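**Student:** I'm passing along target-v5.txt; it holds compact mmCIF, N, CA, C and O atoms.
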```
# COMPACT_ATOMS: atom_id res chain seq x y z
N MET J 24 101.84 149.76 34.17
CA MET J 24 101.09 150.25 33.04
C MET J 24 102.03 150.35 31.85
O MET J 24 103.10 150.91 31.93
N SER J 25 101.60 149.81 30.71
CA SER J 25 102.47 149.82 29.53
C SER J 25 102.14 151.01 28.65
O SER J 25 101.01 151.46 28.58
N ALA J 26 103.12 151.52 27.96
CA ALA J 26 102.94 152.65 27.05
C ALA J 26 102.70 152.11 25.65
O ALA J 26 103.56 152.16 24.80
N ALA J 27 101.52 151.54 25.44
CA ALA J 27 101.18 150.98 24.13
C ALA J 27 101.12 152.09 23.09
O ALA J 27 100.57 153.16 23.36
N PRO J 28 101.66 151.87 21.89
CA PRO J 28 101.69 152.91 20.88
C PRO J 28 100.35 153.16 20.21
O PRO J 28 100.18 154.15 19.53
N ALA J 29 99.38 152.26 20.36
CA ALA J 29 98.10 152.44 19.70
C ALA J 29 96.99 151.84 20.56
O ALA J 29 97.24 150.98 21.39
N ALA J 30 95.77 152.31 20.33
CA ALA J 30 94.62 151.78 21.06
C ALA J 30 94.44 150.31 20.70
O ALA J 30 94.73 149.88 19.59
N GLU J 31 93.93 149.55 21.66
CA GLU J 31 93.70 148.12 21.40
C GLU J 31 92.49 147.91 20.50
O GLU J 31 92.43 146.98 19.74
N VAL J 32 91.50 148.77 20.60
CA VAL J 32 90.31 148.68 19.78
C VAL J 32 90.42 149.75 18.69
O VAL J 32 90.80 150.88 18.97
N VAL J 33 90.12 149.39 17.47
CA VAL J 33 90.21 150.34 16.37
C VAL J 33 88.83 150.92 16.11
O VAL J 33 87.83 150.21 16.08
N ALA J 34 88.76 152.24 15.94
CA ALA J 34 87.49 152.94 15.75
C ALA J 34 86.73 152.43 14.53
O ALA J 34 87.34 152.06 13.53
N PRO J 35 85.39 152.43 14.61
CA PRO J 35 84.58 152.04 13.45
C PRO J 35 84.58 153.13 12.40
O PRO J 35 84.90 154.29 12.69
N ALA J 36 84.20 152.78 11.18
CA ALA J 36 84.26 153.71 10.05
C ALA J 36 83.01 154.58 9.99
O ALA J 36 82.18 154.46 9.10
N LYS J 37 82.86 155.48 10.96
CA LYS J 37 81.75 156.43 10.96
C LYS J 37 82.29 157.77 11.44
O LYS J 37 82.87 157.87 12.51
N VAL J 38 82.14 158.81 10.62
CA VAL J 38 82.72 160.12 10.91
C VAL J 38 82.34 160.58 12.31
O VAL J 38 83.18 161.01 13.10
N GLU J 39 81.04 160.50 12.65
CA GLU J 39 80.58 161.02 13.93
C GLU J 39 81.17 160.27 15.12
O GLU J 39 81.50 160.87 16.15
N VAL J 40 81.34 158.95 14.99
CA VAL J 40 81.92 158.15 16.08
C VAL J 40 83.40 158.50 16.25
O VAL J 40 83.88 158.72 17.36
N ILE J 41 84.13 158.55 15.15
CA ILE J 41 85.55 158.89 15.21
C ILE J 41 85.72 160.30 15.79
O ILE J 41 86.58 160.53 16.65
N ALA J 42 84.90 161.24 15.35
CA ALA J 42 84.97 162.60 15.88
C ALA J 42 84.75 162.61 17.38
O ALA J 42 85.50 163.25 18.13
N GLY J 43 83.74 161.88 17.84
CA GLY J 43 83.46 161.81 19.27
C GLY J 43 84.63 161.24 20.05
O GLY J 43 84.96 161.73 21.15
N LEU J 44 85.28 160.23 19.50
CA LEU J 44 86.43 159.62 20.17
C LEU J 44 87.62 160.58 20.25
O LEU J 44 88.47 160.45 21.11
N THR J 45 87.67 161.54 19.33
CA THR J 45 88.76 162.51 19.34
C THR J 45 88.39 163.79 20.07
O THR J 45 89.19 164.72 20.13
N GLY J 46 87.17 163.86 20.58
CA GLY J 46 86.77 165.02 21.37
C GLY J 46 86.25 166.20 20.58
O GLY J 46 86.35 167.34 21.02
N CYS J 47 85.68 165.94 19.42
CA CYS J 47 85.12 167.05 18.64
C CYS J 47 83.79 166.63 18.04
O CYS J 47 83.42 165.46 18.06
N GLU J 48 83.09 167.62 17.50
CA GLU J 48 81.87 167.36 16.75
C GLU J 48 82.18 167.76 15.31
O GLU J 48 82.42 168.93 15.02
N ALA J 49 82.23 166.78 14.42
CA ALA J 49 82.65 167.04 13.04
C ALA J 49 81.55 167.73 12.26
O ALA J 49 80.37 167.44 12.41
N LYS J 50 81.98 168.65 11.40
CA LYS J 50 81.08 169.27 10.43
C LYS J 50 81.29 168.52 9.12
O LYS J 50 82.40 168.50 8.58
N ILE J 51 80.23 167.90 8.60
CA ILE J 51 80.34 167.11 7.36
C ILE J 51 80.57 168.05 6.18
O ILE J 51 79.83 169.01 5.97
N ARG J 52 81.64 167.77 5.42
CA ARG J 52 82.00 168.56 4.23
C ARG J 52 81.62 167.84 2.95
O ARG J 52 81.27 168.47 1.97
N ILE J 53 81.77 166.52 2.93
CA ILE J 53 81.48 165.74 1.72
C ILE J 53 80.60 164.56 2.10
O ILE J 53 80.90 163.82 3.05
N GLU J 54 79.52 164.40 1.35
CA GLU J 54 78.61 163.27 1.53
C GLU J 54 78.43 162.65 0.15
O GLU J 54 77.69 163.19 -0.68
N ALA J 55 79.16 161.57 -0.13
CA ALA J 55 79.11 160.95 -1.46
C ALA J 55 79.00 159.44 -1.30
O ALA J 55 79.19 158.91 -0.21
N ASP J 56 78.73 158.75 -2.40
CA ASP J 56 78.63 157.29 -2.36
C ASP J 56 79.95 156.64 -1.96
O ASP J 56 79.97 155.65 -1.26
N GLU J 57 81.08 157.25 -2.42
CA GLU J 57 82.39 156.64 -2.21
C GLU J 57 83.03 157.02 -0.87
O GLU J 57 83.95 156.34 -0.41
N LEU J 58 82.59 158.15 -0.28
CA LEU J 58 83.20 158.58 0.98
C LEU J 58 82.34 159.61 1.68
O LEU J 58 81.48 160.24 1.07
N ARG J 59 82.60 159.76 2.98
CA ARG J 59 82.05 160.87 3.78
C ARG J 59 83.25 161.54 4.43
O ARG J 59 84.18 160.86 4.86
N GLN J 60 83.21 162.87 4.50
CA GLN J 60 84.33 163.57 5.11
C GLN J 60 83.80 164.66 6.03
O GLN J 60 82.91 165.42 5.66
N GLY J 61 84.38 164.70 7.22
CA GLY J 61 84.04 165.73 8.18
C GLY J 61 85.29 166.41 8.67
O GLY J 61 86.37 165.82 8.69
N VAL J 62 85.14 167.68 9.07
CA VAL J 62 86.27 168.43 9.60
C VAL J 62 86.04 168.70 11.08
O VAL J 62 84.92 169.00 11.50
N CYS J 63 87.09 168.53 11.85
CA CYS J 63 87.08 168.86 13.27
C CYS J 63 87.94 170.10 13.46
O CYS J 63 89.07 170.15 12.99
N ARG J 64 87.39 171.09 14.14
CA ARG J 64 88.14 172.31 14.43
C ARG J 64 88.14 172.52 15.94
O ARG J 64 87.08 172.56 16.55
N THR J 65 89.34 172.64 16.49
CA THR J 65 89.47 172.94 17.92
C THR J 65 90.45 174.10 18.06
O THR J 65 91.08 174.51 17.09
N LYS J 66 90.58 174.62 19.27
CA LYS J 66 91.53 175.71 19.50
C LYS J 66 92.96 175.26 19.26
O LYS J 66 93.80 176.03 18.85
N LYS J 67 93.23 173.97 19.48
CA LYS J 67 94.59 173.44 19.33
C LYS J 67 94.93 173.06 17.90
O LYS J 67 96.07 173.22 17.48
N ALA J 68 93.97 172.50 17.15
CA ALA J 68 94.29 172.00 15.81
C ALA J 68 93.01 171.69 15.04
O ALA J 68 91.93 171.61 15.61
N ASP J 69 93.18 171.47 13.74
CA ASP J 69 92.10 171.02 12.85
C ASP J 69 92.52 169.68 12.26
O ASP J 69 93.70 169.43 12.06
N TRP J 70 91.53 168.82 11.98
CA TRP J 70 91.83 167.57 11.29
C TRP J 70 90.62 167.12 10.49
O TRP J 70 89.51 167.54 10.75
N LEU J 71 90.89 166.31 9.47
CA LEU J 71 89.85 165.75 8.60
C LEU J 71 89.65 164.28 8.91
O LEU J 71 90.62 163.55 9.11
N ILE J 72 88.40 163.86 8.91
CA ILE J 72 88.05 162.45 9.07
C ILE J 72 87.34 162.03 7.80
O ILE J 72 86.34 162.63 7.42
N THR J 73 87.87 161.03 7.12
CA THR J 73 87.27 160.53 5.89
C THR J 73 86.95 159.06 6.09
O THR J 73 87.80 158.29 6.51
N THR J 74 85.70 158.69 5.80
CA THR J 74 85.29 157.29 5.93
C THR J 74 84.80 156.78 4.58
O THR J 74 84.39 157.55 3.72
N PHE J 75 84.86 155.46 4.43
CA PHE J 75 84.57 154.82 3.15
C PHE J 75 83.65 153.63 3.37
O PHE J 75 83.80 152.90 4.35
N PRO J 76 82.71 153.36 2.44
CA PRO J 76 81.82 152.22 2.59
C PRO J 76 82.52 150.88 2.39
O PRO J 76 82.06 149.86 2.88
N GLU J 77 83.63 150.90 1.65
CA GLU J 77 84.40 149.68 1.41
C GLU J 77 85.89 150.01 1.42
O GLU J 77 86.28 151.12 1.08
N GLU J 78 86.69 149.02 1.79
CA GLU J 78 88.14 149.19 1.88
C GLU J 78 88.75 149.62 0.54
O GLU J 78 89.68 150.42 0.50
N LYS J 79 88.19 149.13 -0.59
CA LYS J 79 88.76 149.48 -1.91
C LYS J 79 88.68 150.98 -2.17
O LYS J 79 89.57 151.54 -2.81
N TYR J 80 87.65 151.66 -1.67
CA TYR J 80 87.55 153.10 -1.85
C TYR J 80 88.63 153.83 -1.05
O TYR J 80 89.18 154.83 -1.51
N LYS J 81 88.92 153.32 0.14
CA LYS J 81 89.99 153.92 0.95
C LYS J 81 91.32 153.80 0.24
O LYS J 81 92.08 154.76 0.16
N GLU J 82 91.61 152.63 -0.31
CA GLU J 82 92.89 152.42 -1.00
C GLU J 82 93.00 153.32 -2.23
O GLU J 82 94.06 153.86 -2.52
N THR J 83 91.91 153.50 -2.96
CA THR J 83 91.91 154.40 -4.12
C THR J 83 92.16 155.83 -3.67
O THR J 83 92.95 156.56 -4.29
N TRP J 84 91.53 156.24 -2.57
CA TRP J 84 91.73 157.59 -2.03
C TRP J 84 93.18 157.79 -1.62
O TRP J 84 93.79 158.82 -1.94
N LEU J 85 93.76 156.80 -0.94
CA LEU J 85 95.17 156.90 -0.53
C LEU J 85 96.10 156.98 -1.74
O LEU J 85 97.07 157.74 -1.73
N ASP J 86 95.80 156.20 -2.78
CA ASP J 86 96.62 156.26 -3.99
C ASP J 86 96.56 157.66 -4.61
O ASP J 86 97.57 158.20 -5.05
N SER J 87 95.37 158.25 -4.64
CA SER J 87 95.21 159.60 -5.19
C SER J 87 95.91 160.64 -4.31
O SER J 87 96.53 161.57 -4.80
N ALA J 88 95.82 160.48 -2.99
CA ALA J 88 96.42 161.43 -2.04
C ALA J 88 97.95 161.37 -2.08
O ALA J 88 98.62 162.34 -1.71
N ARG J 89 98.50 160.28 -2.55
CA ARG J 89 99.96 160.11 -2.62
C ARG J 89 100.61 161.23 -3.44
O ARG J 89 101.72 161.65 -3.16
N VAL J 90 99.90 161.75 -4.43
CA VAL J 90 100.41 162.84 -5.27
C VAL J 90 100.76 164.06 -4.41
O VAL J 90 101.72 164.76 -4.67
N TYR J 91 99.97 164.28 -3.36
CA TYR J 91 100.16 165.46 -2.51
C TYR J 91 101.09 165.20 -1.33
O TYR J 91 101.52 166.13 -0.66
N GLY J 92 101.38 163.93 -1.07
CA GLY J 92 102.21 163.59 0.08
C GLY J 92 101.42 163.78 1.36
O GLY J 92 100.21 163.89 1.36
N GLY J 93 102.11 163.82 2.48
CA GLY J 93 101.44 164.03 3.76
C GLY J 93 101.44 162.79 4.62
O GLY J 93 101.84 161.71 4.18
N THR J 94 101.00 162.98 5.83
CA THR J 94 100.96 161.90 6.81
C THR J 94 99.52 161.73 7.27
O THR J 94 98.83 162.72 7.54
N HIS J 95 99.08 160.48 7.36
CA HIS J 95 97.68 160.17 7.69
C HIS J 95 97.63 159.02 8.69
O HIS J 95 98.48 158.13 8.67
N LEU J 96 96.58 159.04 9.51
CA LEU J 96 96.28 157.92 10.39
C LEU J 96 95.24 157.08 9.67
O LEU J 96 94.19 157.59 9.26
N VAL J 97 95.53 155.79 9.46
CA VAL J 97 94.71 154.94 8.61
C VAL J 97 94.18 153.76 9.41
O VAL J 97 94.94 153.05 10.08
N GLY J 98 92.87 153.56 9.34
CA GLY J 98 92.23 152.41 9.98
C GLY J 98 91.36 151.69 8.98
O GLY J 98 91.37 152.02 7.79
N PRO J 99 90.58 150.71 9.43
CA PRO J 99 89.72 149.98 8.51
C PRO J 99 88.59 150.89 8.01
O PRO J 99 87.77 151.35 8.78
N ARG J 100 88.64 151.23 6.73
CA ARG J 100 87.65 152.06 6.05
C ARG J 100 87.60 153.49 6.55
O ARG J 100 86.59 154.17 6.39
N TRP J 101 88.71 154.00 7.13
CA TRP J 101 88.78 155.41 7.51
C TRP J 101 90.20 155.93 7.46
O TRP J 101 91.15 155.17 7.54
N VAL J 102 90.30 157.27 7.29
CA VAL J 102 91.59 157.98 7.28
C VAL J 102 91.39 159.29 8.04
O VAL J 102 90.39 159.98 7.85
N VAL J 103 92.34 159.60 8.92
CA VAL J 103 92.36 160.90 9.58
C VAL J 103 93.58 161.66 9.07
O VAL J 103 94.69 161.12 9.08
N SER J 104 93.36 162.88 8.62
CA SER J 104 94.44 163.72 8.09
C SER J 104 94.66 164.88 9.04
O SER J 104 93.72 165.61 9.36
N ALA J 105 95.91 165.02 9.50
CA ALA J 105 96.26 166.09 10.44
C ALA J 105 97.77 166.24 10.46
O ALA J 105 98.50 165.49 9.80
N LYS J 106 98.26 167.21 11.24
CA LYS J 106 99.69 167.37 11.43
C LYS J 106 100.23 166.11 12.10
O LYS J 106 99.57 165.53 12.97
N PRO J 107 101.44 165.67 11.71
CA PRO J 107 102.00 164.42 12.25
C PRO J 107 102.00 164.35 13.78
O PRO J 107 101.69 163.29 14.34
N GLU J 108 102.31 165.45 14.46
CA GLU J 108 102.36 165.39 15.92
C GLU J 108 100.98 165.14 16.53
O GLU J 108 100.85 164.50 17.57
N LEU J 109 99.92 165.59 15.87
CA LEU J 109 98.56 165.34 16.35
C LEU J 109 98.16 163.89 16.07
O LEU J 109 97.44 163.28 16.88
N LEU J 110 98.63 163.34 14.96
CA LEU J 110 98.26 161.96 14.62
C LEU J 110 98.68 160.97 15.69
O LEU J 110 97.97 160.01 15.97
N GLU J 111 99.83 161.18 16.32
CA GLU J 111 100.28 160.29 17.40
C GLU J 111 99.27 160.28 18.53
O GLU J 111 98.91 159.22 19.05
N THR J 112 98.79 161.45 18.92
CA THR J 112 97.80 161.55 20.00
C THR J 112 96.49 160.89 19.59
O THR J 112 95.89 160.15 20.36
N LEU J 113 96.04 161.15 18.36
CA LEU J 113 94.79 160.56 17.89
C LEU J 113 94.89 159.04 17.78
O LEU J 113 93.91 158.33 18.03
N ARG J 114 96.06 158.54 17.43
CA ARG J 114 96.25 157.09 17.31
C ARG J 114 96.02 156.40 18.66
O ARG J 114 95.48 155.30 18.70
N ASP J 115 96.40 157.05 19.73
CA ASP J 115 96.16 156.48 21.06
C ASP J 115 94.67 156.28 21.32
O ASP J 115 94.28 155.35 22.02
N ARG J 116 93.84 157.14 20.74
CA ARG J 116 92.38 157.06 20.94
C ARG J 116 91.68 156.19 19.92
O ARG J 116 90.66 155.59 20.22
N LEU J 117 92.21 156.17 18.68
CA LEU J 117 91.50 155.53 17.57
C LEU J 117 92.09 154.21 17.11
O LEU J 117 91.42 153.44 16.45
N GLY J 118 93.37 153.97 17.41
CA GLY J 118 94.05 152.82 16.82
C GLY J 118 94.51 153.18 15.43
O GLY J 118 94.70 154.36 15.11
N GLY J 119 94.69 152.20 14.59
CA GLY J 119 95.13 152.46 13.22
C GLY J 119 96.64 152.57 13.13
O GLY J 119 97.36 152.38 14.11
N THR J 120 97.12 152.88 11.92
CA THR J 120 98.55 153.01 11.69
C THR J 120 98.82 154.35 11.01
O THR J 120 97.99 154.85 10.25
N ILE J 121 99.97 154.91 11.29
CA ILE J 121 100.36 156.18 10.67
C ILE J 121 101.11 155.88 9.38
O ILE J 121 102.05 155.10 9.38
N ARG J 122 100.61 156.46 8.29
CA ARG J 122 101.24 156.26 6.98
C ARG J 122 101.70 157.58 6.41
O ARG J 122 100.95 158.55 6.36
N ARG J 123 102.95 157.59 5.98
CA ARG J 123 103.50 158.77 5.32
C ARG J 123 103.44 158.52 3.82
O ARG J 123 104.03 157.57 3.32
N LEU J 124 102.72 159.37 3.11
CA LEU J 124 102.58 159.25 1.66
C LEU J 124 103.61 160.14 0.99
O LEU J 124 103.79 161.29 1.37
N GLN J 125 104.31 159.60 0.02
CA GLN J 125 105.33 160.35 -0.70
C GLN J 125 104.69 161.12 -1.85
O GLN J 125 103.94 160.56 -2.62
N GLY J 126 105.02 162.40 -1.94
CA GLY J 126 104.53 163.21 -3.04
C GLY J 126 105.23 162.86 -4.33
O GLY J 126 106.23 162.15 -4.35
N VAL J 127 104.71 163.36 -5.44
CA VAL J 127 105.28 163.11 -6.76
C VAL J 127 105.95 164.39 -7.23
O VAL J 127 105.47 165.48 -6.98
N GLY J 128 107.09 164.26 -7.90
CA GLY J 128 107.78 165.42 -8.44
C GLY J 128 108.94 165.83 -7.56
O GLY J 128 109.27 165.15 -6.59
N PRO J 129 109.56 166.96 -7.88
CA PRO J 129 110.75 167.39 -7.12
C PRO J 129 110.37 167.79 -5.71
O PRO J 129 109.26 168.23 -5.45
N ALA J 130 111.31 167.61 -4.80
CA ALA J 130 111.10 168.02 -3.42
C ALA J 130 111.00 169.53 -3.34
O ALA J 130 111.63 170.24 -4.13
N PRO J 131 110.20 170.06 -2.38
CA PRO J 131 110.10 171.52 -2.25
C PRO J 131 111.48 172.13 -2.06
O PRO J 131 112.30 171.62 -1.32
N GLY J 132 111.73 173.24 -2.75
CA GLY J 132 112.99 173.92 -2.62
C GLY J 132 114.09 173.40 -3.53
O GLY J 132 115.18 173.97 -3.60
N SER J 133 113.84 172.31 -4.25
CA SER J 133 114.87 171.80 -5.18
C SER J 133 114.62 172.38 -6.56
O SER J 133 113.53 172.73 -6.92
N SER J 134 115.67 172.46 -7.34
CA SER J 134 115.47 173.00 -8.69
C SER J 134 116.12 172.13 -9.73
O SER J 134 116.83 171.23 -9.48
```
Can you present the structure in this file as structure tokens?
**Tutor:**
Amino acid sequence: MSAAPAAEVVAPAKVEVIAGLTGCEAKIRIEADELRQGVCRTKKADWLITTFPEEKYKETWLDSARVYGGTHLVGPRWVVSAKPELLETLRDRLGGTIRRLQGVGPAPGSS
């Protein structure tokens, strides 16, 4: 048995399907033309699932999120936002790639 770093099949861009694959039932927070976003809350962790009707909306969202930095699991027309250690586990179930976004401005604690 090989220890593949990611699922062979990548999850489809639907909040409810991605949530089910991660073992939660998402509560929808945003329902808009450009994106849908749901939050998963479990005893172990919380994470956000954001889906997009087209790839261009995902790329715009990622560009905007770059200001805040952070690490995200990114697939075709979807992004999962969570703590980095959780993203590795979710990647095994969902596929996709882990992207670290660099924040803008001075690093925390620098003056």
**Student:** Counting all atoms listed in the file, what is within 8 Å of Leu71 in chain J, bar same-chain residues fewer than 4 positions away, as a list in words?
**Tutor:**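 The residues that qualify are Lys50, Arg59, Gln60, Gly61, Val62, Cys63, Arg64, His95, Leu96, Trp101, Val102, Val103, Ser104, Ala105 and Lys106 of chain J.
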**Student:** One number please: CA of Arg100 in chain J to CA of Ala36 in chain J, in Å, one decimal.
**Tutor:**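 These two atoms are separated by 5.5 Å.
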**Student:** Quote the spacing between CA of Lys66 in chain J and CA of Thr94 in chain J in Å to one decimal place.
**Tutor:**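 Computed distance, CA of Lys66 in chain J to CA of Thr94 in chain J, equals 21.0 Å.
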**Student:** I need the residues of chain J that end up classed as strand (DSSP E) by DSSP on the backbone, written out as a VMD selection string.
**Tutor:** chain J and resid 50 to 54 59 to 64 69 to 74 93 to 98 101 to 104 120 to 124
**Student:** Provide the CA of Gly46 in chain J to CA of Phe75 in chain J distance in Å, to one decimal place.
**Tutor:**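 Between CA of Gly46 in chain J and CA of Phe75 in chain J the gap is 21.0 Å.
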**Student:** Go through chain J and collect every residue that DSSP, computed from the backbone, puts in alpha helix (DSSP H); the answer should be as an MDAnalysis selection string.
**Tutor:** chainID J and resid 38:44 78:88 107:117
**Student:** Give the answer as one residue: which of J:Ala34, J:Ala68, J:Leu117, J:Leu124 has the shortest atom-to-atom distance to Val90 in chain J, using only C-alpha atoms?
**Tutor:**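 Nearest to Val90 in chain J: J:Leu124.
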**Student:** Show which residues sit within 7 Å of Asp56 in chain J, as a list in words. Count only N, CA, C and O atoms, and ignore same-chain residues fewer than 4 positions away.
**Tutor:** Thr74, Phe75, Pro76 and Glu77 of chain J
**Student:** Using all atoms listed in the file, find the one residue out of J:Glu82, J:Asp69, J:Arg123, J:Val97 that sits nearest to Leu109 in chain J.
**Tutor:**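 Checking each of J:Glu82, J:Asp69, J:Arg123, J:Val97 against Leu109 in chain J, counting all atoms listed in the file, the winner is J:Asp69.
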